[in-house]
Amino acid sequence: MPALTLSLLTETYAVCRFPTGTPVAMPQPGGFSLLVHAMEETTLVCPQDEVPPDAEADAGWRCFRIVQSFDFSVPGILASVLAPLAQAGIGIFATSTFSTDYVLVKAGDADRAAEALRAAGHRVDG
C-alpha cells in the first residue's frame, strides 16, 4: 500500500442521529457533511455550529480526508488508515464518498491520530 496524504479539515464536526424518516435539511454546501438514511436511523455529520436543534448529537469530532482518489478495485486504502488508529487506541467514525474516504476522530485525539498516521508512513497536512 502506498503512503497516503491526509488533510485534517479545519472545522469541528458533530455526528447526529434522528429517528428513521425524520426530514433533515443538509448544511450549507461548501464543506464536508454527510446525510445517510438507513432502516434503523438517519445520521447527519455536519459542522458543530450547524447541528439541528432536534438532533441527538455527539459533538467534538475532527475530520481527516484522504487526498488521493483510488479506483474501487484497490484494496486496503481505508484499512491502512484505520489500523494505525486502532493500534493507538483511537476510536473513529469512518465514511466514504465516490472519490475518497473520511475518518473522524474526537478532537482530543486529533494530534495523537496525526502522529499515529505519520508513524505509519502517511503524510498529514493541517
# chains A, B, ... in the order shown; residues from 1 in each chain; ligands from 1
>>> residues_around(residues="Ile66 of chain A", least_positions_apart="6", cutoff="10 Å", atoms="only C-alpha atoms", output="JSON, numbers by chain")
{"A": [4, 5, 6, 7, 8, 77, 78, 81, 96, 99, 100, 101, 102, 103, 123, 124]}
>>> write_last_selection(atoms="N, CA and C atoms", output="PDB file, in the first residue's frame")
ATOM      1  N   LEU A   4      -0.186   7.434   1.989  1.00  0.00           N
ATOM      2  CA  LEU A   4      -1.298   8.317   1.645  1.00  0.00           C
ATOM      3  C   LEU A   4      -1.020   9.722   2.159  1.00  0.00           C
ATOM      4  N   THR A   5      -1.682  10.688   1.560  1.00  0.00           N
ATOM      5  CA  THR A   5      -1.693  12.046   2.078  1.00  0.00           C
ATOM      6  C   THR A   5      -3.083  12.307   2.627  1.00  0.00           C
ATOM      7  N   LEU A   6      -3.125  12.739   3.877  1.00  0.00           N
ATOM      8  CA  LEU A   6      -4.387  13.072   4.520  1.00  0.00           C
ATOM      9  C   LEU A   6      -4.384  14.537   4.894  1.00  0.00           C
ATOM     10  N   SER A   7      -5.544  15.138   4.809  1.00  0.00           N
ATOM     11  CA  SER A   7      -5.703  16.535   5.187  1.00  0.00           C
ATOM     12  C   SER A   7      -6.623  16.589   6.403  1.00  0.00           C
ATOM     13  N   LEU A   8      -6.182  17.261   7.455  1.00  0.00           N
ATOM     14  CA  LEU A   8      -7.027  17.456   8.625  1.00  0.00           C
ATOM     15  C   LEU A   8      -7.850  18.713   8.394  1.00  0.00           C
ATOM     16  N   ILE A  77      -7.104   0.637   1.188  1.00  0.00           N
ATOM     17  CA  ILE A  77      -6.878   2.078   1.367  1.00  0.00           C
ATOM     18  C   ILE A  77      -7.328   2.505   2.765  1.00  0.00           C
ATOM     19  N   LEU A  78      -8.578   2.298   3.063  1.00  0.00           N
ATOM     20  CA  LEU A  78      -9.109   2.718   4.359  1.00  0.00           C
ATOM     21  C   LEU A  78      -8.459   1.926   5.497  1.00  0.00           C
ATOM     22  N   VAL A  81      -5.337   3.325   6.986  1.00  0.00           N
ATOM     23  CA  VAL A  81      -5.536   4.460   7.890  1.00  0.00           C
ATOM     24  C   VAL A  81      -6.107   3.976   9.225  1.00  0.00           C
ATOM     25  N   SER A  96     -17.264   7.192   3.424  1.00  0.00           N
ATOM     26  CA  SER A  96     -16.657   7.321   2.098  1.00  0.00           C
ATOM     27  C   SER A  96     -17.584   8.061   1.163  1.00  0.00           C
ATOM     28  N   SER A  99     -15.324   9.350  -4.403  1.00  0.00           N
ATOM     29  CA  SER A  99     -13.929   9.635  -4.735  1.00  0.00           C
ATOM     30  C   SER A  99     -12.916   9.360  -3.641  1.00  0.00           C
ATOM     31  N   THR A 100     -13.318   9.417  -2.364  1.00  0.00           N
ATOM     32  CA  THR A 100     -12.324   9.283  -1.297  1.00  0.00           C
ATOM     33  C   THR A 100     -12.967   8.857   0.006  1.00  0.00           C
ATOM     34  N   ASP A 101     -12.154   8.804   1.057  1.00  0.00           N
ATOM     35  CA  ASP A 101     -12.608   8.388   2.378  1.00  0.00           C
ATOM     36  C   ASP A 101     -12.349   9.498   3.385  1.00  0.00           C
ATOM     37  N   TYR A 102     -13.177   9.518   4.418  1.00  0.00           N
ATOM     38  CA  TYR A 102     -13.066  10.471   5.510  1.00  0.00           C
ATOM     39  C   TYR A 102     -13.059   9.690   6.816  1.00  0.00           C
ATOM     40  N   VAL A 103     -12.192  10.084   7.736  1.00  0.00           N
ATOM     41  CA  VAL A 103     -12.117   9.432   9.037  1.00  0.00           C
ATOM     42  C   VAL A 103     -12.187  10.518  10.105  1.00  0.00           C
ATOM     43  N   ARG A 123       1.405  10.946   5.124  1.00  0.00           N
ATOM     44  CA  ARG A 123       1.627  12.379   5.277  1.00  0.00           C
ATOM     45  C   ARG A 123       0.319  12.985   5.774  1.00  0.00           C
ATOM     46  N   VAL A 124       0.386  13.862   6.763  1.00  0.00           N
ATOM     47  CA  VAL A 124      -0.798  14.539   7.303  1.00  0.00           C
ATOM     48  C   VAL A 124      -0.569  16.034   7.203  1.00  0.00           C
TER      49      VAL A 124
END
>>> closest_residue(among="A:Gln48, A:Thr43, A:Thr95, A:Ser33", to="Trp61 of chain A", atoms="only C-alpha atoms")
A:Gln48
>>> select_by_dssp(residues="segment 15-95 of chain A", states="strand (DSSP E or B)", output="PyMOL selection string")
chain A and resi 15-18+29+31+34-37+42-47+56-66+93-95
>>> residues_around(residues="Cys46 of chain A", least_positions_apart="6", cutoff="7 Å", atoms="only C-alpha atoms", output="list in words")
Tyr13, Ala14, Val15, Pro27, Ser33 and Leu34 of chain A
>>> write_last_selection(atoms="N, CA and C atoms", output="PDB file, in the first residue's frame")
ATOM      1  N   TYR A  13     -16.701  18.928  13.968  1.00  0.00           N
ATOM      2  CA  TYR A  13     -17.943  18.342  13.486  1.00  0.00           C
ATOM      3  C   TYR A  13     -18.749  17.694  14.601  1.00  0.00           C
ATOM      4  N   ALA A  14     -20.004  17.426  14.293  1.00  0.00           N
ATOM      5  CA  ALA A  14     -20.885  16.661  15.167  1.00  0.00           C
ATOM      6  C   ALA A  14     -21.480  15.519  14.357  1.00  0.00           C
ATOM      7  N   VAL A  15     -21.693  14.389  15.025  1.00  0.00           N
ATOM      8  CA  VAL A  15     -22.380  13.247  14.433  1.00  0.00           C
ATOM      9  C   VAL A  15     -23.756  13.228  15.089  1.00  0.00           C
ATOM     10  N   PRO A  27     -26.677  20.759   5.644  1.00  0.00           N
ATOM     11  CA  PRO A  27     -25.987  22.025   5.922  1.00  0.00           C
ATOM     12  C   PRO A  27     -25.655  22.755   4.618  1.00  0.00           C
ATOM     13  N   SER A  33     -20.029  17.437   4.757  1.00  0.00           N
ATOM     14  CA  SER A  33     -21.191  16.999   5.530  1.00  0.00           C
ATOM     15  C   SER A  33     -21.664  15.688   4.923  1.00  0.00           C
ATOM     16  N   LEU A  34     -22.454  14.962   5.671  1.00  0.00           N
ATOM     17  CA  LEU A  34     -22.906  13.636   5.253  1.00  0.00           C
ATOM     18  C   LEU A  34     -24.312  13.423   5.779  1.00  0.00           C
TER      19      LEU A  34
END
>>> atom_distance(atom1="atom CA of Glu40 of chain A", atom2="atom CA of Phe98 of chain A")
23.2 Å
>>> residues_around(residues="segment 52-56 of chain A", least_positions_apart="6", cutoff="7 Å", atoms="only C-alpha atoms", output="ChimeraX atom specification")
/A:16-18
>>> write_last_selection(atoms="C-alpha atoms", output="short mmCIF file (atom, residue, chain, number, x, y, z; two decimals), in the first residue's frame")
data_model
loop_
_atom_site.label_atom_id
_atom_site.label_comp_id
_atom_site.auth_asym_id
_atom_site.auth_seq_id
_atom_site.Cartn_x
_atom_site.Cartn_y
_atom_site.Cartn_z
CA CYS A 16 -26.16 13.49 14.77
CA ARG A 17 -28.89 10.86 14.96
CA PHE A 18 -32.57 11.16 14.12
#
>>> closest_residue(among="A:Asp111, A:Glu50, A:Asp58, A:Glu11", to="Ala25 of chain A", atoms="only C-alpha atoms")
A:Glu50
>>> decode(residues="segment 14-42 of chain A", atoms="N, CA and C atoms", output="PDB file, in the first residue's frame")
ATOM      1  N   ALA A  14     -20.004  17.426  14.293  1.00  0.00           N
ATOM      2  CA  ALA A  14     -20.885  16.661  15.167  1.00  0.00           C
ATOM      3  C   ALA A  14     -21.480  15.519  14.357  1.00  0.00           C
ATOM      4  N   VAL A  15     -21.693  14.389  15.025  1.00  0.00           N
ATOM      5  CA  VAL A  15     -22.380  13.247  14.433  1.00  0.00           C
ATOM      6  C   VAL A  15     -23.756  13.228  15.089  1.00  0.00           C
ATOM      7  N   CYS A  16     -24.795  13.343  14.264  1.00  0.00           N
ATOM      8  CA  CYS A  16     -26.162  13.488  14.767  1.00  0.00           C
ATOM      9  C   CYS A  16     -27.017  12.291  14.366  1.00  0.00           C
ATOM     10  N   ARG A  17     -27.963  11.956  15.250  1.00  0.00           N
ATOM     11  CA  ARG A  17     -28.892  10.859  14.961  1.00  0.00           C
ATOM     12  C   ARG A  17     -30.319  11.365  15.075  1.00  0.00           C
ATOM     13  N   PHE A  18     -31.152  10.850  14.151  1.00  0.00           N
ATOM     14  CA  PHE A  18     -32.572  11.159  14.118  1.00  0.00           C
ATOM     15  C   PHE A  18     -33.343   9.851  13.925  1.00  0.00           C
ATOM     16  N   PRO A  19     -34.598   9.808  14.376  1.00  0.00           N
ATOM     17  CA  PRO A  19     -35.411   8.620  14.088  1.00  0.00           C
ATOM     18  C   PRO A  19     -35.589   8.445  12.580  1.00  0.00           C
ATOM     19  N   THR A  20     -35.720   7.204  12.149  1.00  0.00           N
ATOM     20  CA  THR A  20     -35.941   6.902  10.731  1.00  0.00           C
ATOM     21  C   THR A  20     -37.102   7.733  10.201  1.00  0.00           C
ATOM     22  N   GLY A  21     -36.922   8.277   9.013  1.00  0.00           N
ATOM     23  CA  GLY A  21     -37.983   9.041   8.363  1.00  0.00           C
ATOM     24  C   GLY A  21     -38.035  10.502   8.745  1.00  0.00           C
ATOM     25  N   THR A  22     -37.209  10.932   9.680  1.00  0.00           N
ATOM     26  CA  THR A  22     -37.193  12.340  10.064  1.00  0.00           C
ATOM     27  C   THR A  22     -36.635  13.167   8.908  1.00  0.00           C
ATOM     28  N   PRO A  23     -37.377  14.199   8.464  1.00  0.00           N
ATOM     29  CA  PRO A  23     -36.805  15.057   7.429  1.00  0.00           C
ATOM     30  C   PRO A  23     -35.655  15.879   8.020  1.00  0.00           C
ATOM     31  N   VAL A  24     -34.514  15.840   7.350  1.00  0.00           N
ATOM     32  CA  VAL A  24     -33.322  16.532   7.838  1.00  0.00           C
ATOM     33  C   VAL A  24     -32.782  17.397   6.711  1.00  0.00           C
ATOM     34  N   ALA A  25     -32.585  18.669   6.995  1.00  0.00           N
ATOM     35  CA  ALA A  25     -32.022  19.583   5.994  1.00  0.00           C
ATOM     36  C   ALA A  25     -30.506  19.456   6.005  1.00  0.00           C
ATOM     37  N   MET A  26     -29.927  19.460   4.814  1.00  0.00           N
ATOM     38  CA  MET A  26     -28.472  19.421   4.680  1.00  0.00           C
ATOM     39  C   MET A  26     -27.888  20.773   5.070  1.00  0.00           C
ATOM     40  N   PRO A  27     -26.677  20.759   5.644  1.00  0.00           N
ATOM     41  CA  PRO A  27     -25.987  22.025   5.922  1.00  0.00           C
ATOM     42  C   PRO A  27     -25.655  22.755   4.618  1.00  0.00           C
ATOM     43  N   GLN A  28     -25.212  23.983   4.764  1.00  0.00           N
ATOM     44  CA  GLN A  28     -24.838  24.778   3.604  1.00  0.00           C
ATOM     45  C   GLN A  28     -23.742  24.062   2.818  1.00  0.00           C
ATOM     46  N   PRO A  29     -23.817  24.099   1.469  1.00  0.00           N
ATOM     47  CA  PRO A  29     -22.765  23.466   0.670  1.00  0.00           C
ATOM     48  C   PRO A  29     -21.437  24.192   0.828  1.00  0.00           C
ATOM     49  N   GLY A  30     -20.370  23.477   0.524  1.00  0.00           N
ATOM     50  CA  GLY A  30     -19.057  24.080   0.536  1.00  0.00           C
ATOM     51  C   GLY A  30     -18.070  23.329   1.394  1.00  0.00           C
ATOM     52  N   GLY A  31     -18.530  22.747   2.480  1.00  0.00           N
ATOM     53  CA  GLY A  31     -17.650  21.977   3.343  1.00  0.00           C
ATOM     54  C   GLY A  31     -18.062  20.519   3.337  1.00  0.00           C
ATOM     55  N   PHE A  32     -17.502  19.770   4.268  1.00  0.00           N
ATOM     56  CA  PHE A  32     -17.841  18.360   4.395  1.00  0.00           C
ATOM     57  C   PHE A  32     -19.095  18.201   5.242  1.00  0.00           C
ATOM     58  N   SER A  33     -20.029  17.437   4.757  1.00  0.00           N
ATOM     59  CA  SER A  33     -21.191  16.999   5.530  1.00  0.00           C
ATOM     60  C   SER A  33     -21.664  15.688   4.923  1.00  0.00           C
ATOM     61  N   LEU A  34     -22.454  14.962   5.671  1.00  0.00           N
ATOM     62  CA  LEU A  34     -22.906  13.636   5.253  1.00  0.00           C
ATOM     63  C   LEU A  34     -24.312  13.423   5.779  1.00  0.00           C
ATOM     64  N   LEU A  35     -25.184  12.888   4.947  1.00  0.00           N
ATOM     65  CA  LEU A  35     -26.538  12.536   5.361  1.00  0.00           C
ATOM     66  C   LEU A  35     -26.816  11.123   4.884  1.00  0.00           C
ATOM     67  N   VAL A  36     -27.148  10.231   5.821  1.00  0.00           N
ATOM     68  CA  VAL A  36     -27.434   8.836   5.490  1.00  0.00           C
ATOM     69  C   VAL A  36     -28.791   8.469   6.060  1.00  0.00           C
ATOM     70  N   HIS A  37     -29.664   8.012   5.185  1.00  0.00           N
ATOM     71  CA  HIS A  37     -30.951   7.471   5.609  1.00  0.00           C
ATOM     72  C   HIS A  37     -30.829   5.957   5.595  1.00  0.00           C
ATOM     73  N   ALA A  38     -30.937   5.329   6.760  1.00  0.00           N
ATOM     74  CA  ALA A  38     -30.850   3.875   6.865  1.00  0.00           C
ATOM     75  C   ALA A  38     -32.130   3.351   7.497  1.00  0.00           C
ATOM     76  N   MET A  39     -32.289   2.041   7.456  1.00  0.00           N
ATOM     77  CA  MET A  39     -33.505   1.441   8.007  1.00  0.00           C
ATOM     78  C   MET A  39     -33.696   1.790   9.477  1.00  0.00           C
ATOM     79  N   GLU A  40     -32.619   1.809  10.247  1.00  0.00           N
ATOM     80  CA  GLU A  40     -32.749   1.969  11.688  1.00  0.00           C
ATOM     81  C   GLU A  40     -32.651   3.414  12.184  1.00  0.00           C
ATOM     82  N   GLU A  41     -32.133   4.318  11.350  1.00  0.00           N
ATOM     83  CA  GLU A  41     -31.981   5.707  11.774  1.00  0.00           C
ATOM     84  C   GLU A  41     -31.510   6.569  10.612  1.00  0.00           C
ATOM     85  N   THR A  42     -31.527   7.861  10.835  1.00  0.00           N
ATOM     86  CA  THR A  42     -30.928   8.819   9.913  1.00  0.00           C
ATOM     87  C   THR A  42     -29.745   9.445  10.632  1.00  0.00           C
TER      88      THR A  42
END
